[in-house]
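Reproduced below: work_25.pdb, with PDB, C-alpha atoms.
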ATOM      1  CA  MET Y   1       0.000   0.000   0.000
ATOM      2  CA  MET Y   2       1.040   3.590  -0.617
ATOM      3  CA  ASN Y   3       2.245   5.755   2.228
ATOM      4  CA  ASN Y   4      -0.024   8.794   2.163
ATOM      5  CA  GLN Y   5       1.900  10.515   4.964
ATOM      6  CA  MET Y   6       5.106  10.902   2.955
ATOM      7  CA  GLN Y   7       6.746  14.328   3.288
ATOM      8  CA  TYR Y   8       7.809  16.012   0.076
ATOM      9  CA  GLU Y   9      10.621  18.479  -0.426
ATOM     10  CA  VAL Y  10       9.384  21.898  -1.498
ATOM     11  CA  ARG Y  11      11.273  23.346  -4.461
ATOM     12  CA  PRO Y  12      12.455  26.970  -4.289
ATOM     13  CA  LEU Y  13      10.182  29.702  -5.696
ATOM     14  CA  VAL Y  14       7.100  27.435  -5.499
ATOM     15  CA  ARG Y  15       4.663  28.068  -2.675
ATOM     16  CA  ALA Y  16       3.535  25.033  -0.690
ATOM     17  CA  GLU Y  17      -0.089  25.606  -1.690
ATOM     18  CA  ASP Y  18       0.917  25.548  -5.388
ATOM     19  CA  LEU Y  19       2.473  22.071  -5.303
ATOM     20  CA  VAL Y  20       1.031  19.086  -7.141
ATOM     21  CA  ALA Y  21       0.828  17.332  -3.759
ATOM     22  CA  GLN Y  22      -2.018  19.690  -2.807
ATOM     23  CA  ILE Y  23      -4.331  18.692  -5.667
ATOM     24  CA  MET Y  24      -3.474  15.047  -6.340
ATOM     25  CA  TRP Y  25      -5.743  12.149  -5.391
ATOM     26  CA  ARG Y  26      -3.796   9.805  -3.133
ATOM     27  CA  ASP Y  27      -5.739   6.573  -3.572
ATOM     28  CA  PRO Y  28      -5.900   5.604  -7.267
ATOM     29  CA  VAL Y  29      -6.874   2.079  -8.275
ATOM     30  CA  VAL Y  30      -3.725  -0.057  -8.367
ATOM     31  CA  LEU Y  31      -3.334  -3.504  -9.932
ATOM     32  CA  PRO Y  32      -0.584  -6.147  -9.698
ATOM     33  CA  PRO Y  33       1.015  -6.936 -13.074
ATOM     34  CA  LYS Y  34       0.169 -10.654 -12.853
ATOM     35  CA  PHE Y  35      -3.556 -10.086 -12.397
ATOM     36  CA  ARG Y  36      -5.847 -11.500 -15.075
ATOM     37  CA  ILE Y  37      -8.163  -8.972 -16.718
ATOM     38  CA  ASN Y  38     -11.237 -10.518 -15.086
ATOM     39  CA  GLU Y  39      -9.509 -10.238 -11.689
ATOM     40  CA  ALA Y  40      -8.660  -6.606 -12.425
ATOM     41  CA  ILE Y  41     -12.292  -5.831 -13.275
ATOM     42  CA  GLU Y  42     -13.401  -7.439 -10.040
ATOM     43  CA  ARG Y  43     -10.841  -5.337  -8.118
ATOM     44  CA  VAL Y  44     -12.232  -2.152  -9.671
ATOM     45  CA  ARG Y  45     -15.755  -3.219  -8.678
ATOM     46  CA  GLN Y  46     -14.641  -3.833  -5.118
ATOM     47  CA  VAL Y  47     -12.667  -0.647  -4.455
ATOM     48  CA  GLY Y  48     -14.406   1.738  -6.867
ATOM     49  CA  LEU Y  49     -12.896   4.922  -8.291
ATOM     50  CA  PRO Y  50     -11.964   7.686  -5.823
ATOM     51  CA  ASN Y  51     -12.931  10.349  -8.355
ATOM     52  CA  GLU Y  52     -15.470  10.317 -11.175
ATOM     53  CA  ASN Y  53     -12.958  11.980 -13.489
ATOM     54  CA  MET Y  54     -10.449   9.127 -13.234
ATOM     55  CA  ASN Y  55     -10.409   6.642 -16.092
ATOM     56  CA  HIS Y  56      -7.163   4.713 -15.520
ATOM     57  CA  CYS Y  57      -5.925   1.945 -13.281
ATOM     58  CA  TYR Y  58      -2.236   1.856 -12.412
ATOM     59  CA  VAL Y  59      -0.010  -1.198 -12.450
ATOM     60  CA  VAL Y  60       2.507  -1.360  -9.601
ATOM     61  CA  ASP Y  61       4.826  -3.959  -8.088
ATOM     62  CA  GLU Y  62       5.068  -4.920  -4.410
ATOM     63  CA  ASP Y  63       7.033  -1.735  -3.611
ATOM     64  CA  CYS Y  64       4.405   0.387  -5.345
ATOM     65  CA  THR Y  65       6.823   1.213  -8.190
ATOM     66  CA  LEU Y  66       4.847   2.397 -11.191
ATOM     67  CA  LEU Y  67       5.069  -0.099 -14.045
ATOM     68  CA  GLY Y  68       2.255   1.000 -16.324
ATOM     69  CA  GLN Y  69      -1.327   2.132 -16.674
ATOM     70  CA  LEU Y  70      -4.497   0.721 -18.145
ATOM     71  CA  SER Y  71      -7.606   2.634 -19.134
ATOM     72  CA  LEU Y  72     -11.000   1.410 -18.030
ATOM     73  CA  ARG Y  73     -12.051   1.179 -21.679
ATOM     74  CA  GLU Y  74      -9.113  -1.085 -22.482
ATOM     75  CA  LEU Y  75      -9.846  -3.097 -19.368
ATOM     76  CA  LEU Y  76     -13.442  -3.762 -20.437
ATOM     77  CA  LEU Y  77     -12.595  -4.557 -24.080
ATOM     78  CA  THR Y  78      -9.758  -7.014 -23.343
ATOM     79  CA  ARG Y  79     -10.354 -10.769 -22.979
ATOM     80  CA  GLY Y  80     -10.598 -11.825 -19.338
ATOM     81  CA  GLY Y  81      -7.793 -14.391 -19.497
ATOM     82  CA  LYS Y  82      -5.031 -11.989 -20.446
ATOM     83  CA  ARG Y  83      -2.620 -10.638 -17.877
ATOM     84  CA  VAL Y  84      -2.568  -6.948 -16.977
ATOM     85  CA  GLU Y  85       1.162  -6.642 -17.757
ATOM     86  CA  ASP Y  86       0.541  -7.808 -21.332
ATOM     87  CA  VAL Y  87      -1.921  -5.014 -22.175
ATOM     88  CA  MET Y  88      -0.787  -2.119 -19.975
ATOM     89  CA  GLU Y  89       0.825   1.015 -21.388
ATOM     90  CA  ARG Y  90       3.948   2.601 -19.988
ATOM     91  CA  PRO Y  91       3.275   6.217 -18.898
ATOM     92  CA  PHE Y  92       5.561   8.520 -20.869
ATOM     93  CA  VAL Y  93       4.820  11.538 -18.650
ATOM     94  CA  THR Y  94       4.766  11.652 -14.850
ATOM     95  CA  LEU Y  95       4.731  14.329 -12.169
ATOM     96  CA  GLN Y  96       6.368  14.635  -8.772
ATOM     97  CA  PRO Y  97       4.574  15.936  -5.650
ATOM     98  CA  SER Y  98       6.945  18.924  -5.487
ATOM     99  CA  ASP Y  99       6.164  20.049  -9.053
ATOM    100  CA  ASP Y 100       4.217  23.237  -9.661
ATOM    101  CA  GLN Y 101       0.494  22.738 -10.264
ATOM    102  CA  GLU Y 102       0.722  24.956 -13.333
ATOM    103  CA  LEU Y 103       3.235  22.511 -14.835
ATOM    104  CA  ALA Y 104       0.662  19.721 -14.447
ATOM    105  CA  ALA Y 105      -1.940  21.762 -16.321
ATOM    106  CA  GLN Y 106       0.529  22.621 -19.082
ATOM    107  CA  MET Y 107       1.585  18.986 -19.537
ATOM    108  CA  MET Y 108      -2.030  17.819 -19.749
ATOM    109  CA  GLN Y 109      -2.769  20.471 -22.333
ATOM    110  CA  GLU Y 110       0.363  19.733 -24.344
ATOM    111  CA  TYR Y 111      -0.092  15.957 -24.446
ATOM    112  CA  ASP Y 112      -3.921  15.974 -24.466
ATOM    113  CA  LEU Y 113      -4.200  13.832 -21.305
ATOM    114  CA  LEU Y 114      -7.069  13.418 -18.879
ATOM    115  CA  GLU Y 115      -4.923  12.472 -15.891
ATOM    116  CA  LEU Y 116      -1.290  12.164 -14.871
ATOM    117  CA  PRO Y 117       0.326   9.798 -12.367
ATOM    118  CA  VAL Y 118       2.387  11.347  -9.561
ATOM    119  CA  VAL Y 119       5.514   9.466  -8.455
ATOM    120  CA  ASP Y 120       8.225  10.087  -5.881
ATOM    121  CA  GLU Y 121      11.965  10.113  -6.576
ATOM    122  CA  GLN Y 122      12.019   6.288  -6.518
ATOM    123  CA  ASN Y 123       9.238   6.152  -9.144
ATOM    124  CA  ARG Y 124       6.710   4.894  -6.586
ATOM    125  CA  LEU Y 125       3.126   5.869  -7.304
ATOM    126  CA  VAL Y 126       1.814   8.329  -4.717
ATOM    127  CA  GLY Y 127      -1.208   9.860  -6.442
ATOM    128  CA  VAL Y 128      -2.980  11.057  -9.573
ATOM    129  CA  VAL Y 129      -3.879  14.513 -10.902
ATOM    130  CA  THR Y 130      -7.042  14.725 -13.008
ATOM    131  CA  ALA Y 131      -7.860  17.151 -15.811
ATOM    132  CA  ASP Y 132     -10.671  18.640 -13.729
ATOM    133  CA  ASP Y 133      -8.217  19.655 -11.003
ATOM    134  CA  ALA Y 134      -5.762  20.974 -13.599
ATOM    135  CA  MET Y 135      -8.442  23.167 -15.195
ATOM    136  CA  GLU Y 136      -9.185  24.726 -11.806
ATOM    137  CA  VAL Y 137      -5.482  25.567 -11.516
ATOM    138  CA  LEU Y 138      -5.509  27.242 -14.946
ATOM    139  CA  GLN Y 139      -8.583  29.277 -13.993
ATOM    140  CA  GLU Y 140      -6.914  30.453 -10.784
ATOM    141  CA  GLU Y 141      -3.704  31.346 -12.649
ATOM    142  CA  ALA Y 142      -5.669  33.242 -15.300
ATOM    143  CA  THR Y 143      -7.499  35.197 -12.594
ATOM    144  CA  GLU Y 144      -4.221  36.102 -10.878
ATOM    145  CA  ASP Y 145      -2.692  37.202 -14.202
ATOM    146  CA  MET Y 146      -5.697  39.407 -14.984
ATOM    147  CA  GLU Y 147      -5.477  41.064 -11.561
ATOM    148  CA  ARG Y 148      -1.749  41.670 -11.904
ATOM    149  CA  MET Y 149      -2.175  43.081 -15.404
ATOM    150  CA  ALA Y 150      -4.783  45.441 -13.970
ATOM    151  CA  ALA Y 151      -2.184  46.583 -11.418
ATOM    152  CA  MET Y 152      -3.775  44.792  -8.461
ATOM    153  CA  VAL Y 153      -2.424  42.365  -5.896
ATOM    154  CA  PRO Y 154      -4.127  38.990  -6.542
ATOM    155  CA  SER Y 155      -6.861  38.227  -4.031
ATOM    156  CA  GLU Y 156      -7.551  34.764  -2.688
ATOM    157  CA  ARG Y 157     -11.190  35.557  -1.777
ATOM    158  CA  PRO Y 158     -14.206  36.288  -4.001
ATOM    159  CA  TYR Y 159     -14.953  39.983  -4.580
ATOM    160  CA  LEU Y 160     -18.200  40.159  -2.580
ATOM    161  CA  GLU Y 161     -16.598  38.320   0.351
ATOM    162  CA  SER Y 162     -13.598  40.667   0.491
ATOM    163  CA  SER Y 163     -13.706  43.636   2.841
ATOM    164  CA  VAL Y 164     -13.321  47.221   1.656
ATOM    165  CA  ARG Y 165     -10.073  47.460   3.639
ATOM    166  CA  ARG Y 166      -8.670  44.307   1.991
ATOM    167  CA  ILE Y 167      -9.431  45.551  -1.514
ATOM    168  CA  PHE Y 168      -7.967  48.955  -0.637
ATOM    169  CA  LEU Y 169      -4.718  47.342   0.531
ATOM    170  CA  ASP Y 170      -4.596  45.251  -2.648
ATOM    171  CA  ARG Y 171      -4.953  48.246  -4.943
ATOM    172  CA  ILE Y 172      -3.111  51.104  -3.259
ATOM    173  CA  PRO Y 173       0.524  49.859  -3.720
ATOM    174  CA  TRP Y 174       0.177  49.738  -7.496
ATOM    175  CA  LEU Y 175      -1.734  53.026  -7.624
ATOM    176  CA  LEU Y 176       1.097  54.681  -5.697
ATOM    177  CA  LEU Y 177       3.653  53.201  -8.088
ATOM    178  CA  LEU Y 178       1.713  54.397 -11.126
ATOM    179  CA  MET Y 179       1.314  57.848  -9.601
ATOM    180  CA  LEU Y 180       5.065  58.132  -9.060
ATOM    181  CA  SER Y 181       5.726  56.952 -12.612
ATOM    182  CA  ALA Y 182       3.330  59.630 -13.883
ATOM    183  CA  ALA Y 183       5.392  62.198 -11.986
ATOM    184  CA  PHE Y 184       8.447  60.953 -13.896
ATOM    185  CA  THR Y 185       6.778  61.521 -17.266
ATOM    186  CA  GLY Y 186       5.604  64.907 -16.017
ATOM    187  CA  GLY Y 187       9.228  65.801 -15.346
ATOM    188  CA  ILE Y 188      10.089  65.061 -18.971
ATOM    189  CA  ILE Y 189       7.343  67.425 -20.142
ATOM    190  CA  ALA Y 190       8.580  70.129 -17.760
ATOM    191  CA  HIS Y 191      12.122  69.734 -19.106
ATOM    192  CA  PHE Y 192      10.901  70.492 -22.645
ATOM    193  CA  GLU Y 193       8.606  73.308 -21.568
ATOM    194  CA  ASP Y 194      10.380  75.844 -23.795
ATOM    195  CA  ALA Y 195       9.865  73.665 -26.872
ATOM    196  CA  LEU Y 196       6.159  73.342 -26.083
ATOM    197  CA  ALA Y 197       5.879  77.093 -25.596
ATOM    198  CA  ALA Y 198       7.374  77.656 -29.049
ATOM    199  CA  GLN Y 199       4.985  75.156 -30.666
ATOM    200  CA  VAL Y 200       1.858  75.031 -28.506
ATOM    201  CA  ALA Y 201       0.136  72.764 -31.041
ATOM    202  CA  LEU Y 202       2.507  69.938 -30.062
ATOM    203  CA  THR Y 203       0.853  69.661 -26.641
ATOM    204  CA  ALA Y 204      -2.453  68.488 -28.097
ATOM    205  CA  PHE Y 205      -0.911  65.300 -29.526
ATOM    206  CA  ILE Y 206       0.862  64.069 -26.379
ATOM    207  CA  PRO Y 207      -2.127  62.033 -25.032
ATOM    208  CA  MET Y 208      -2.639  60.323 -28.409
ATOM    209  CA  LEU Y 209       1.023  59.324 -28.661
ATOM    210  CA  MET Y 210       1.176  58.009 -25.086
ATOM    211  CA  ASP Y 211      -2.114  56.117 -25.386
ATOM    212  CA  THR Y 212      -1.123  54.519 -28.700
ATOM    213  CA  GLY Y 213       2.240  53.500 -27.295
ATOM    214  CA  GLY Y 214       0.598  52.026 -24.201
ATOM    215  CA  ASN Y 215      -1.909  50.094 -26.319
ATOM    216  CA  CYS Y 216       0.827  48.646 -28.542
ATOM    217  CA  GLY Y 217       2.910  47.655 -25.527
ATOM    218  CA  SER Y 218      -0.085  45.989 -23.875
ATOM    219  CA  GLN Y 219      -0.978  44.034 -27.011
ATOM    220  CA  SER Y 220       2.502  42.582 -27.444
ATOM    221  CA  SER Y 221       2.954  41.887 -23.717
ATOM    222  CA  VAL Y 222      -0.348  40.007 -23.453
ATOM    223  CA  THR Y 223       0.616  37.862 -26.458
ATOM    224  CA  VAL Y 224       4.032  37.023 -25.009
ATOM    225  CA  ILE Y 225       2.690  36.423 -21.477
ATOM    226  CA  ARG Y 226       0.162  33.974 -22.883
ATOM    227  CA  GLY Y 227       2.955  32.159 -24.742
ATOM    228  CA  LEU Y 228       5.056  32.018 -21.571
ATOM    229  CA  SER Y 229       2.115  30.714 -19.516
ATOM    230  CA  LEU Y 230       1.384  27.937 -22.022
ATOM    231  CA  GLY Y 231       5.043  26.999 -22.398
ATOM    232  CA  GLN Y 232       5.066  28.041 -26.067
ATOM    233  CA  VAL Y 233       7.745  30.699 -25.524
ATOM    234  CA  GLY Y 234      10.960  30.451 -23.508
ATOM    235  CA  PHE Y 235      13.944  32.696 -22.837
ATOM    236  CA  SER Y 236      15.852  30.973 -25.646
ATOM    237  CA  ASP Y 237      13.208  32.249 -28.086
ATOM    238  CA  TRP Y 238      13.765  35.943 -27.312
ATOM    239  CA  LEU Y 239      15.471  36.700 -30.644
ATOM    240  CA  ARG Y 240      12.675  35.031 -32.613
ATOM    241  CA  VAL Y 241      10.067  36.918 -30.595
ATOM    242  CA  LEU Y 242      11.755  40.291 -31.104
ATOM    243  CA  TRP Y 243      12.259  39.683 -34.830
ATOM    244  CA  LYS Y 244       8.626  38.707 -35.274
ATOM    245  CA  GLU Y 245       7.360  41.655 -33.240
ATOM    246  CA  THR Y 246       9.670  43.998 -35.192
ATOM    247  CA  ARG Y 247       7.982  43.012 -38.448
ATOM    248  CA  ILE Y 248       4.502  43.205 -36.947
ATOM    249  CA  SER Y 249       5.131  46.584 -35.337
ATOM    250  CA  ALA Y 250       6.675  47.974 -38.556
ATOM    251  CA  LEU Y 251       3.491  47.161 -40.470
ATOM    252  CA  CYS Y 252       1.310  48.647 -37.711
ATOM    253  CA  ALA Y 253       3.538  51.732 -37.510
ATOM    254  CA  ALA Y 254       3.376  52.360 -41.247
ATOM    255  CA  ALA Y 255      -0.424  52.051 -41.327
ATOM    256  CA  LEU Y 256      -1.016  54.221 -38.247
ATOM    257  CA  ALA Y 257       1.487  56.899 -39.289
ATOM    258  CA  ALA Y 258       0.050  57.169 -42.799
ATOM    259  CA  VAL Y 259      -3.539  57.497 -41.570
ATOM    260  CA  ASN Y 260      -2.525  59.989 -38.883
ATOM    261  CA  PHE Y 261      -0.526  62.122 -41.358
ATOM    262  CA  LEU Y 262      -3.515  62.434 -43.701
ATOM    263  CA  ARG Y 263      -5.872  63.083 -40.794
ATOM    264  CA  LEU Y 264      -3.744  65.940 -39.471
ATOM    265  CA  LEU Y 265      -3.414  67.606 -42.872
ATOM    266  CA  VAL Y 266      -7.097  67.264 -43.795
ATOM    267  CA  MET Y 267      -8.927  67.600 -40.470
ATOM    268  CA  SER Y 268      -6.602  69.350 -38.004
ATOM    269  CA  HIS Y 269      -5.252  71.966 -40.431
ATOM    270  CA  VAL Y 270      -1.762  71.902 -38.953
ATOM    271  CA  GLY Y 271       1.396  72.591 -40.893
ATOM    272  CA  MET Y 272       3.351  69.973 -42.796
ATOM    273  CA  GLY Y 273       6.168  70.106 -40.230
ATOM    274  CA  ILE Y 274       3.940  69.321 -37.251
ATOM    275  CA  ALA Y 275       2.042  66.601 -39.145
ATOM    276  CA  LEU Y 276       5.322  64.966 -40.125
ATOM    277  CA  THR Y 277       6.734  65.269 -36.586
ATOM    278  CA  VAL Y 278       3.682  63.688 -34.957
ATOM    279  CA  SER Y 279       3.379  60.920 -37.563
ATOM    280  CA  LEU Y 280       7.067  59.936 -37.469
ATOM    281  CA  THR Y 281       6.982  59.981 -33.666
ATOM    282  CA  LEU Y 282       3.910  57.763 -33.788
ATOM    283  CA  ALA Y 283       5.701  55.262 -36.023
ATOM    284  CA  VAL Y 284       8.779  55.122 -33.784
ATOM    285  CA  THR Y 285       6.606  54.913 -30.663
ATOM    286  CA  VAL Y 286       4.619  51.969 -32.031
ATOM    287  CA  ILE Y 287       7.774  49.998 -32.859
ATOM    288  CA  THR Y 288       9.610  50.722 -29.598
ATOM    289  CA  SER Y 289       6.499  50.124 -27.467
ATOM    290  CA  ASP Y 290       5.844  46.807 -29.174
ATOM    291  CA  LEU Y 291       9.411  45.652 -28.597
ATOM    292  CA  ILE Y 292       9.416  46.841 -24.971
ATOM    293  CA  GLY Y 293       6.098  45.117 -24.323
ATOM    294  CA  SER Y 294       7.362  41.826 -25.735
ATOM    295  CA  ALA Y 295      10.829  41.941 -24.157
ATOM    296  CA  LEU Y 296       9.981  42.855 -20.547
ATOM    297  CA  PRO Y 297       7.862  39.743 -19.770
ATOM    298  CA  ILE Y 298      10.615  37.474 -21.124
ATOM    299  CA  ILE Y 299      13.221  39.260 -19.012
ATOM    300  CA  ALA Y 300      10.966  39.061 -15.956
ATOM    301  CA  LYS Y 301      10.481  35.320 -16.454
ATOM    302  CA  ARG Y 302      14.240  34.851 -16.769
ATOM    303  CA  LEU Y 303      14.839  36.745 -13.517
ATOM    304  CA  GLY Y 304      12.247  34.637 -11.683
ATOM    305  CA  PHE Y 305       9.498  37.284 -11.502
ATOM    306  CA  ASP Y 306       5.902  36.897 -12.632
ATOM    307  CA  PRO Y 307       5.704  38.215 -16.242
ATOM    308  CA  ALA Y 308       2.159  39.493 -15.673
ATOM    309  CA  VAL Y 309       3.525  42.030 -13.188
ATOM    310  CA  MET Y 310       5.361  43.724 -16.062
ATOM    311  CA  ALA Y 311       2.198  44.176 -18.119
ATOM    312  CA  SER Y 312       0.918  47.330 -16.463
ATOM    313  CA  PRO Y 313       3.082  49.457 -14.176
ATOM    314  CA  LEU Y 314       6.557  48.960 -15.639
ATOM    315  CA  ILE Y 315       5.520  48.836 -19.298
ATOM    316  CA  THR Y 316       3.348  51.934 -18.825
ATOM    317  CA  THR Y 317       6.216  53.865 -17.247
ATOM    318  CA  VAL Y 318       8.848  52.883 -19.806
ATOM    319  CA  VAL Y 319       6.573  53.332 -22.825
ATOM    320  CA  ASP Y 320       5.310  56.757 -21.699
ATOM    321  CA  ALA Y 321       8.819  58.032 -21.078
ATOM    322  CA  THR Y 322      10.103  56.626 -24.372
ATOM    323  CA  SER Y 323       7.274  58.126 -26.421
ATOM    324  CA  LEU Y 324       7.761  61.570 -24.860
ATOM    325  CA  LEU Y 325      11.539  61.566 -25.368
ATOM    326  CA  THR Y 326      11.065  60.464 -28.977
ATOM    327  CA  TYR Y 327       8.453  63.174 -29.536
ATOM    328  CA  PHE Y 328      10.585  66.036 -28.254
ATOM    329  CA  TRP Y 329      13.706  64.778 -29.999
ATOM    330  CA  MET Y 330      11.791  64.531 -33.266
ATOM    331  CA  ALA Y 331      10.326  68.017 -32.790
ATOM    332  CA  SER Y 332      13.775  69.463 -32.079
ATOM    333  CA  TRP Y 333      15.170  67.816 -35.193
ATOM    334  CA  LEU Y 334      12.371  68.595 -37.677
ATOM    335  CA  LEU Y 335      11.076  71.896 -36.308
ATOM    336  CA  GLY Y 336      14.379  73.314 -35.084
ATOM    337  CA  LEU Y 337      13.148  73.897 -31.511
TER     338      LEU Y 337
END

As C-alpha cells - that is how I would like this structure written.
Amino acid sequence: MMNNQMQYEVRPLVRAEDLVAQIMWRDPVVLPPKFRINEAIERVRQVGLPNENMNHCYVVDEDCTLLGQLSLRELLLTRGGKRVEDVMERPFVTLQPSDDQELAAQMMQEYDLLELPVVDEQNRLVGVVTADDAMEVLQEEATEDMERMAAMVPSERPYLESSVRRIFLDRIPWLLLLMLSAAFTGGIIAHFEDALAAQVALTAFIPMLMDTGGNCGSQSSVTVIRGLSLGQVGFSDWLRVLWKETRISALCAAALAAVNFLRLLVMSHVGMGIALTVSLTLAVTVITSDLIGSALPIIAKRLGFDPAVMASPLITTVVDATSLLTYFWMASWLLGL
C-alpha cells in the first residue's frame, strides 16, 4: 500500500499551496502486473474509483513502483484471461509531488491527457492529478494574471466576500507606483517646456502618442505572457520573438502613421512640419512600445518574476517616457526647436 503521509521536499520559488501534492488524489486504483483482466475488473468493482474523473488503473509492483497504466475502456474490451502486464501502457509523462500545479496543467494540455500519475523520486506511485483539477489551476492562474495586469495584488477571496479594507490594501501599492511613474513623465514634459511654448500645437498630440504607445505595448505583452504561460515561448526564443514583433510593429507603424498624417493635414489643419513630426513619432513609438512590451515579460520570467507584473506598471512607465523623449527629440530635429 502507498504511504499517504510521505513528506515532500518543497522546491524553491514554489509556494507550498501551489504544489502538485495539494491537488493530487492519493488513492488511485492499483493492480498487480500478474492479475488476469477478469480479476482486475473485479478489483475495480470492489474498491471503486476515488474520483469520477479518473479513467485509468495503475499497475505497480510490491514496492508500489509504477510499471504501467491501463484505461477502463481497455480493461473492459480485453479478454478476461489476459494478464494486466501484457496489455498495460507505460506512462511517458509523470509528475512529482513537489512540481508546480501549473506545470501539471501545461503537460495535460500539451499531451492531451485526462490524468497524470504522480511518483516520488524512486518512481513509486503516490497519487494522480485529473484534468478537472488541472483546469481549476488554470482558472486560478488566469485570474491572478488578470489582476496583476490590472495593477492589483491577486486576491484569494471572491470579490463580494472581500472587505473594503482588503481591496484597498490590494490596490493602493500599485496606484502609488503608477502615480510616481506619472510624476516621472511629467518631469520630462517640464524639461521640454520651452519647446512646447514655441509650438503650442505639439501639446495636443501628447495624449494620443502616449495612449497609442501604451496600447501597442499591452498588445505585445499580453501575447508574449500567454505564450510564456502555455510553455510556447521560452527565454531561448527571445530573438525570434523580437524579430517577429519587429515586423509586426513595422506594419502597424506604417499604417497608423500614414492614416494619422492624412488626418492631421485634412482635419486638423496643422502645418506639414507638425504633421510629419507627430506621424514619425507615432511610427517610432509603435515599434519601440511593441518591442518593450514583448521583451519585458521574457526578461521578468528569466529573472524569476511573474511576467504578468510587467504588463501594467513597468511597461506603462517605460513606454510613456520613451514616447515623450522620442516626440521632443523629433520636434527638435524637424522643427528646429

Check the smallest atom-to-atom distance from each of Y:Ile23, Y:Leu282, Y:Ala105, Y:Ile298 to Thr326 (chain Y) using only C-alpha atoms, then report the winner.
-> Y:Leu282

What box, with edges along x, y and z, holds each listed atom of region 202-206 of chain Y when 6 Å is added on every side, and can you state its centre and edge lengths in Å to one decimal, as AutoDock Vina command-line options?
--center_x 0.0 --center_y 67.0 --center_z -28.2 --size_x 17.0 --size_y 17.9 --size_z 15.7

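CA of Val241 (chain Y) is positioned 25.2 Å from CA of Leu325 (chain Y).
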
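When CA of Leu202 (chain Y) is paired with CA of Leu264 (chain Y), their separation reads 12.0 Å.
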
Please identify all polymer residues within 12 Å of Leu251 (chain Y), counting all atoms listed in the file, omitting same-chain residues fewer than 6 positions from it, and present them as a VMD selection string.
-> chain Y and resid 244 to 245 257 to 258 283 to 284 286 to 287 290

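Candidate residues Y:Ile299, Y:Ile315, Y:Lys34, Y:Ala201 were compared for distance to Gly271 (chain Y), and the nearest is Y:Ala201, using only C-alpha atoms.
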
Minimum-distance residue to Gln219 (chain Y), chosen among Y:Gln69, Y:Gln109, Y:Ser294, Y:Thr317 (using all atoms listed in the file) = Y:Ser294

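CA of Gly273 (chain Y) is found 10.5 Å from CA of Met330 (chain Y).
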
Residue members of the PyMOL selection byres ((chain Y and resi 46-49) around 12) in the file shown, as a ChimeraX atom specification | /Y:25-31,39-45,50-58,72,128

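When the distance limit is 12 Å and only C-alpha atoms are what count, the residues near Gly227 (chain Y), minus those fewer than 5 positions from it on the same chain, are Gln106, Ser220, Ser221, Val222, Gln232, Val233, Gly234, Phe235, Asp237, Trp238, Val241, Ser294, Pro297, Ile298, Lys301, Pro307 and Ala308 of chain Y.
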
What residues come out when you apply the PyMOL selection byres ((chain Y and resi 124) around 12) to this file, written as a ChimeraX atom specification?
-> /Y:1-4,6,30,58-68,94-97,117-123,125-128

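Each of Y:Ala204, Y:Thr316, Y:Gly231, Y:Arg240 was compared to Val278 (chain Y) using only C-alpha atoms, and Y:Ala204 turns out to be the nearest.
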
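Distances from Y:Leu76, Y:Leu176, Y:Met208, Y:Met24 to Ala134 (chain Y) were compared using all atoms listed in the file, and the smallest one belongs to Y:Met24.
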
Y:Leu303, Y:Leu334, Y:Leu103, Y:Leu291 ranked by distance to Leu239 (chain Y), top pick (using only C-alpha atoms) = Y:Leu291

Could I get region 107-115 of chain Y rebuilt with N, CA, C and O atoms, written as a PDB file, in the coordinates of the input?
ATOM      1  N   MET Y 107       1.268  20.298 -18.974  1.00  0.00           N
ATOM      2  CA  MET Y 107       1.585  18.986 -19.537  1.00  0.00           C
ATOM      3  C   MET Y 107       0.327  18.293 -20.037  1.00  0.00           C
ATOM      4  O   MET Y 107       0.329  17.653 -21.091  1.00  0.00           O
ATOM      5  N   MET Y 108      -0.770  18.414 -19.292  1.00  0.00           N
ATOM      6  CA  MET Y 108      -2.030  17.819 -19.749  1.00  0.00           C
ATOM      7  C   MET Y 108      -2.502  18.455 -21.046  1.00  0.00           C
ATOM      8  O   MET Y 108      -3.006  17.777 -21.949  1.00  0.00           O
ATOM      9  N   GLN Y 109      -2.348  19.764 -21.127  1.00  0.00           N
ATOM     10  CA  GLN Y 109      -2.769  20.471 -22.333  1.00  0.00           C
ATOM     11  C   GLN Y 109      -1.877  20.114 -23.509  1.00  0.00           C
ATOM     12  O   GLN Y 109      -2.352  19.908 -24.625  1.00  0.00           O
ATOM     13  N   GLU Y 110      -0.575  20.014 -23.261  1.00  0.00           N
ATOM     14  CA  GLU Y 110       0.363  19.733 -24.344  1.00  0.00           C
ATOM     15  C   GLU Y 110       0.197  18.332 -24.897  1.00  0.00           C
ATOM     16  O   GLU Y 110       0.243  18.125 -26.115  1.00  0.00           O
ATOM     17  N   TYR Y 111      -0.006  17.349 -24.011  1.00  0.00           N
ATOM     18  CA  TYR Y 111      -0.092  15.957 -24.446  1.00  0.00           C
ATOM     19  C   TYR Y 111      -1.528  15.441 -24.555  1.00  0.00           C
ATOM     20  O   TYR Y 111      -1.741  14.262 -24.840  1.00  0.00           O
ATOM     21  N   ASP Y 112      -2.505  16.325 -24.334  1.00  0.00           N
ATOM     22  CA  ASP Y 112      -3.921  15.974 -24.466  1.00  0.00           C
ATOM     23  C   ASP Y 112      -4.272  14.778 -23.574  1.00  0.00           C
ATOM     24  O   ASP Y 112      -4.796  13.758 -24.026  1.00  0.00           O
ATOM     25  N   LEU Y 113      -3.966  14.897 -22.272  1.00  0.00           N
ATOM     26  CA  LEU Y 113      -4.200  13.832 -21.305  1.00  0.00           C
ATOM     27  C   LEU Y 113      -5.327  14.203 -20.354  1.00  0.00           C
ATOM     28  O   LEU Y 113      -5.585  15.386 -20.112  1.00  0.00           O
ATOM     29  N   LEU Y 114      -5.988  13.193 -19.826  1.00  0.00           N
ATOM     30  CA  LEU Y 114      -7.069  13.418 -18.879  1.00  0.00           C
ATOM     31  C   LEU Y 114      -6.617  13.252 -17.437  1.00  0.00           C
ATOM     32  O   LEU Y 114      -7.296  13.687 -16.517  1.00  0.00           O
ATOM     33  N   GLU Y 115      -5.486  12.598 -17.236  1.00  0.00           N
ATOM     34  CA  GLU Y 115      -4.923  12.472 -15.891  1.00  0.00           C
ATOM     35  C   GLU Y 115      -3.448  12.130 -15.984  1.00  0.00           C
ATOM     36  O   GLU Y 115      -2.976  11.636 -17.010  1.00  0.00           O
TER      37      GLU Y 115
END
